[in-house]
Amino acid sequence: MSKRGYHHGNLRQALIEAALQLIEAKGPTGFTLSEAAKTAGVTPAAVYRHFAGREDLIAEAARQGYEIFGDVMQYAYDKGQPSALASFEACGRAYLAFARKYPGHYISMFESGISVNHSPELAQASARARGVFEKAATLLSQHIPADKRPPAAMFSAHIWAMSHGVVELFARNSPGTQSPFPPEDLLETGIGIYLRGLGLLPADH
C-alpha cells in the first residue's frame, strides 16, 4: 500500500493535507507532486492513483475549502438572524476569519488560477458559499427603496470584493503593505460607509 499503510481514503486526504501545507509555504505553483508525496510519506506513484496531476490536487483542496467556507458563512449568517444587517456584517467578518484560519484552502480557492468550473463538485461548493452571501444581501436590500436598490448579486459582490481586498492587502502580510489599522476595523468601517451610502445605516453626526 504505502510506507504508512494508508487506506484508500486516508491516503487521498493525506495528499490533500500535504498539498495544503506546501501551498501555504510555497504558493500553488511552488511545489511538485513528488514533494506532496514526500510530505505525505508515500511514493510519487501513489499520487497518480488519486489525482491526474497537481491541478487536480489543488482543485480538490479548493473544493474542500469552499465546503468549509460555505459552512463558516452559513454559521455567520445564522448567528446574525433575525437581523438582516447583523447577518450581512457577520458574513463579511467571516470572510476575514476564514482567510486567517485556512490559508492553504484560501490560496487554493482564490489565488491558484484553478477555475471553479474545474469540476461540477467544485462549482457546486463555490456556488453554495456565494449563495449564502447573496442571501444575506437580498434580505438586507429589501430595506432599500426599489428605485435605489442594486441587484443583490451586485450588492454582495461589492462587499465580497471589499473583504477580499482587505484580506489580500492587509490580513495576509503581503510585502510592503502593513496597515496602520487592524484588518477587521478596515473592513467594518468600509462596509459601514457602503451601507450608509445606500441609506441602510444612519448617517454620522
# chains A, B, ... in the order shown; residues from 1 in each chain; ligands from 1
>>> residues_around(residues="Pro103 (chain A)", least_positions_apart="4", cutoff="10 Å", atoms="only C-alpha atoms", output="PyMOL selection string")
chain A and resi 20-21+23-25+65+98-99+107-109+172
>>> select_by_dssp(residues="region 56-140 of chain A", states="helix (DSSP H, G or I)", output="ChimeraX atom specification")
/A:56-80,84-101,103-110,120-140
>>> closest_residue(among="A:Glu67, A:Ser83, A:Ile159, A:Leu15", to="Arg49 (chain A)", atoms="only C-alpha atoms")
A:Leu15
>>> residues_around(residues="Gln74 (chain A)", least_positions_apart="5", cutoff="9 Å", atoms="only C-alpha atoms", output="ChimeraX atom specification")
/A:69,79,91,129,132-133
>>> closest_residue(among="A:Glu35, A:Glu60, A:Asp78, A:Glu184", to="Pro120 (chain A)", atoms="only C-alpha atoms")
A:Glu60
>>> closest_residue(among="A:Leu195, A:Ala86, A:Leu169, A:Leu11", to="Phe51 (chain A)", atoms="only C-alpha atoms")
A:Leu11
>>> residues_around(residues="Pro150 (chain A)", least_positions_apart="4", cutoff="12 Å", atoms="only C-alpha atoms", output="CSV table (one decimal) with N, CA and C atoms, in the first residue's frame")
chain,number,residue,atom,x,y,z
A,137,ALA,N,-27.4,39.5,1.4
A,137,ALA,CA,-27.5,40.8,0.6
A,137,ALA,C,-29.0,41.0,0.2
A,138,THR,N,-29.6,39.9,-0.2
A,138,THR,CA,-31.0,40.0,-0.7
A,138,THR,C,-31.9,40.5,0.5
A,140,LEU,N,-31.1,42.1,3.2
A,140,LEU,CA,-30.8,43.5,3.6
A,140,LEU,C,-31.2,44.5,2.6
A,141,SER,N,-31.1,44.2,1.3
A,141,SER,CA,-31.5,45.1,0.3
A,141,SER,C,-33.0,45.4,0.2
A,142,GLN,N,-33.8,44.5,0.9
A,142,GLN,CA,-35.2,44.8,0.9
A,142,GLN,C,-35.6,46.1,1.6
A,143,HIS,N,-34.6,46.6,2.4
A,143,HIS,CA,-34.9,47.8,3.2
A,143,HIS,C,-34.5,49.0,2.3
A,144,ILE,N,-34.1,48.8,1.1
A,144,ILE,CA,-33.7,50.0,0.2
A,144,ILE,C,-34.9,50.2,-0.7
A,145,PRO,N,-35.3,51.5,-0.9
A,145,PRO,CA,-36.3,51.7,-1.9
A,145,PRO,C,-36.0,51.1,-3.3
A,146,ALA,N,-37.0,50.5,-3.9
A,146,ALA,CA,-36.8,49.7,-5.1
A,146,ALA,C,-36.1,50.5,-6.2
A,154,MET,N,-25.0,42.2,-7.2
A,154,MET,CA,-24.0,43.3,-7.2
A,154,MET,C,-23.7,43.7,-5.8
A,155,PHE,N,-24.7,43.8,-5.0
A,155,PHE,CA,-24.5,44.2,-3.6
A,155,PHE,C,-23.5,43.3,-2.9
A,156,SER,N,-23.8,42.0,-3.0
A,156,SER,CA,-22.9,41.1,-2.3
A,156,SER,C,-21.5,41.1,-3.0
A,157,ALA,N,-21.4,41.3,-4.3
A,157,ALA,CA,-20.1,41.3,-5.0
A,157,ALA,C,-19.3,42.5,-4.5
A,158,HIS,N,-19.9,43.6,-4.2
A,158,HIS,CA,-19.2,44.8,-3.7
A,158,HIS,C,-18.5,44.4,-2.4
A,195,LEU,N,-22.8,50.9,3.4
A,195,LEU,CA,-24.2,50.8,3.8
A,195,LEU,C,-24.9,52.1,4.0
A,197,GLY,N,-24.2,54.8,2.4
A,197,GLY,CA,-24.4,55.3,1.1
A,197,GLY,C,-25.7,54.8,0.5
A,198,LEU,N,-26.1,53.6,0.9
A,198,LEU,CA,-27.4,53.0,0.4
A,198,LEU,C,-28.5,53.4,1.4
>>> closest_residue(among="A:Glu17, A:Glu134, A:Glu188, A:Glu111", to="Met162 (chain A)", atoms="only C-alpha atoms")
A:Glu188
>>> residues_around(residues="Arg100 (chain A)", least_positions_apart="4", cutoff="9 Å", atoms="only C-alpha atoms", output="CSV table (one decimal) with all heavy atoms, in the first residue's frame")
chain,number,residue,atom,x,y,z
A,95,TYR,N,-15.5,36.1,6.3
A,95,TYR,CA,-14.5,36.0,5.2
A,95,TYR,C,-13.1,36.2,5.7
A,95,TYR,O,-12.2,35.4,5.4
A,95,TYR,CB,-14.9,37.1,4.2
A,95,TYR,CG,-14.2,36.9,2.8
A,95,TYR,CD1,-14.9,36.4,1.8
A,95,TYR,CD2,-12.9,37.3,2.6
A,95,TYR,CE1,-14.3,36.3,0.5
A,95,TYR,CE2,-12.3,37.1,1.4
A,95,TYR,CZ,-13.0,36.6,0.4
A,95,TYR,OH,-12.4,36.4,-0.9
A,96,LEU,N,-12.9,37.3,6.5
A,96,LEU,CA,-11.6,37.5,7.1
A,96,LEU,C,-11.2,36.4,8.0
A,96,LEU,O,-10.0,35.9,8.0
A,96,LEU,CB,-11.7,38.8,8.0
A,96,LEU,CG,-11.2,40.1,7.4
A,96,LEU,CD1,-11.4,41.2,8.4
A,96,LEU,CD2,-9.7,40.0,7.0
A,106,TYR,N,-7.6,28.9,1.3
A,106,TYR,CA,-7.9,30.2,0.8
A,106,TYR,C,-7.1,30.4,-0.5
A,106,TYR,O,-7.6,30.9,-1.5
A,106,TYR,CB,-7.6,31.3,1.8
A,106,TYR,CG,-7.9,32.7,1.3
A,106,TYR,CD1,-9.1,33.3,1.4
A,106,TYR,CD2,-6.9,33.4,0.6
A,106,TYR,CE1,-9.3,34.6,1.0
A,106,TYR,CE2,-7.1,34.7,0.1
A,106,TYR,CZ,-8.3,35.3,0.3
A,106,TYR,OH,-8.6,36.5,-0.2
A,167,VAL,N,-8.3,41.4,2.9
A,167,VAL,CA,-7.5,40.1,3.1
A,167,VAL,C,-6.2,40.2,2.4
A,167,VAL,O,-5.1,39.9,2.9
A,167,VAL,CB,-8.4,38.9,2.8
A,167,VAL,CG1,-7.5,37.6,2.7
A,167,VAL,CG2,-9.5,38.7,3.7
A,171,ALA,N,-4.4,41.5,5.5
A,171,ALA,CA,-4.6,40.4,6.5
A,171,ALA,C,-3.6,39.3,6.3
A,171,ALA,O,-3.5,38.4,7.2
A,171,ALA,CB,-6.0,39.9,6.4
A,172,ARG,N,-2.9,39.2,5.2
A,172,ARG,CA,-2.0,38.1,5.0
A,172,ARG,C,-0.6,38.5,4.8
A,172,ARG,O,0.2,37.8,4.1
A,172,ARG,CB,-2.5,37.3,3.8
A,172,ARG,CG,-3.9,36.7,4.0
A,172,ARG,CD,-4.3,35.5,3.2
A,172,ARG,NE,-3.9,35.5,1.9
A,172,ARG,CZ,-2.9,34.8,1.3
A,172,ARG,NH1,-2.2,34.0,2.1
A,172,ARG,NH2,-2.6,34.9,0.1
>>> atom_distance(atom1="CA of Ala76 (chain A)", atom2="CA of Glu89 (chain A)")
8.8 Å
>>> atom_distance(atom1="CA of Ala37 (chain A)", atom2="CA of Lys101 (chain A)")
24.1 Å
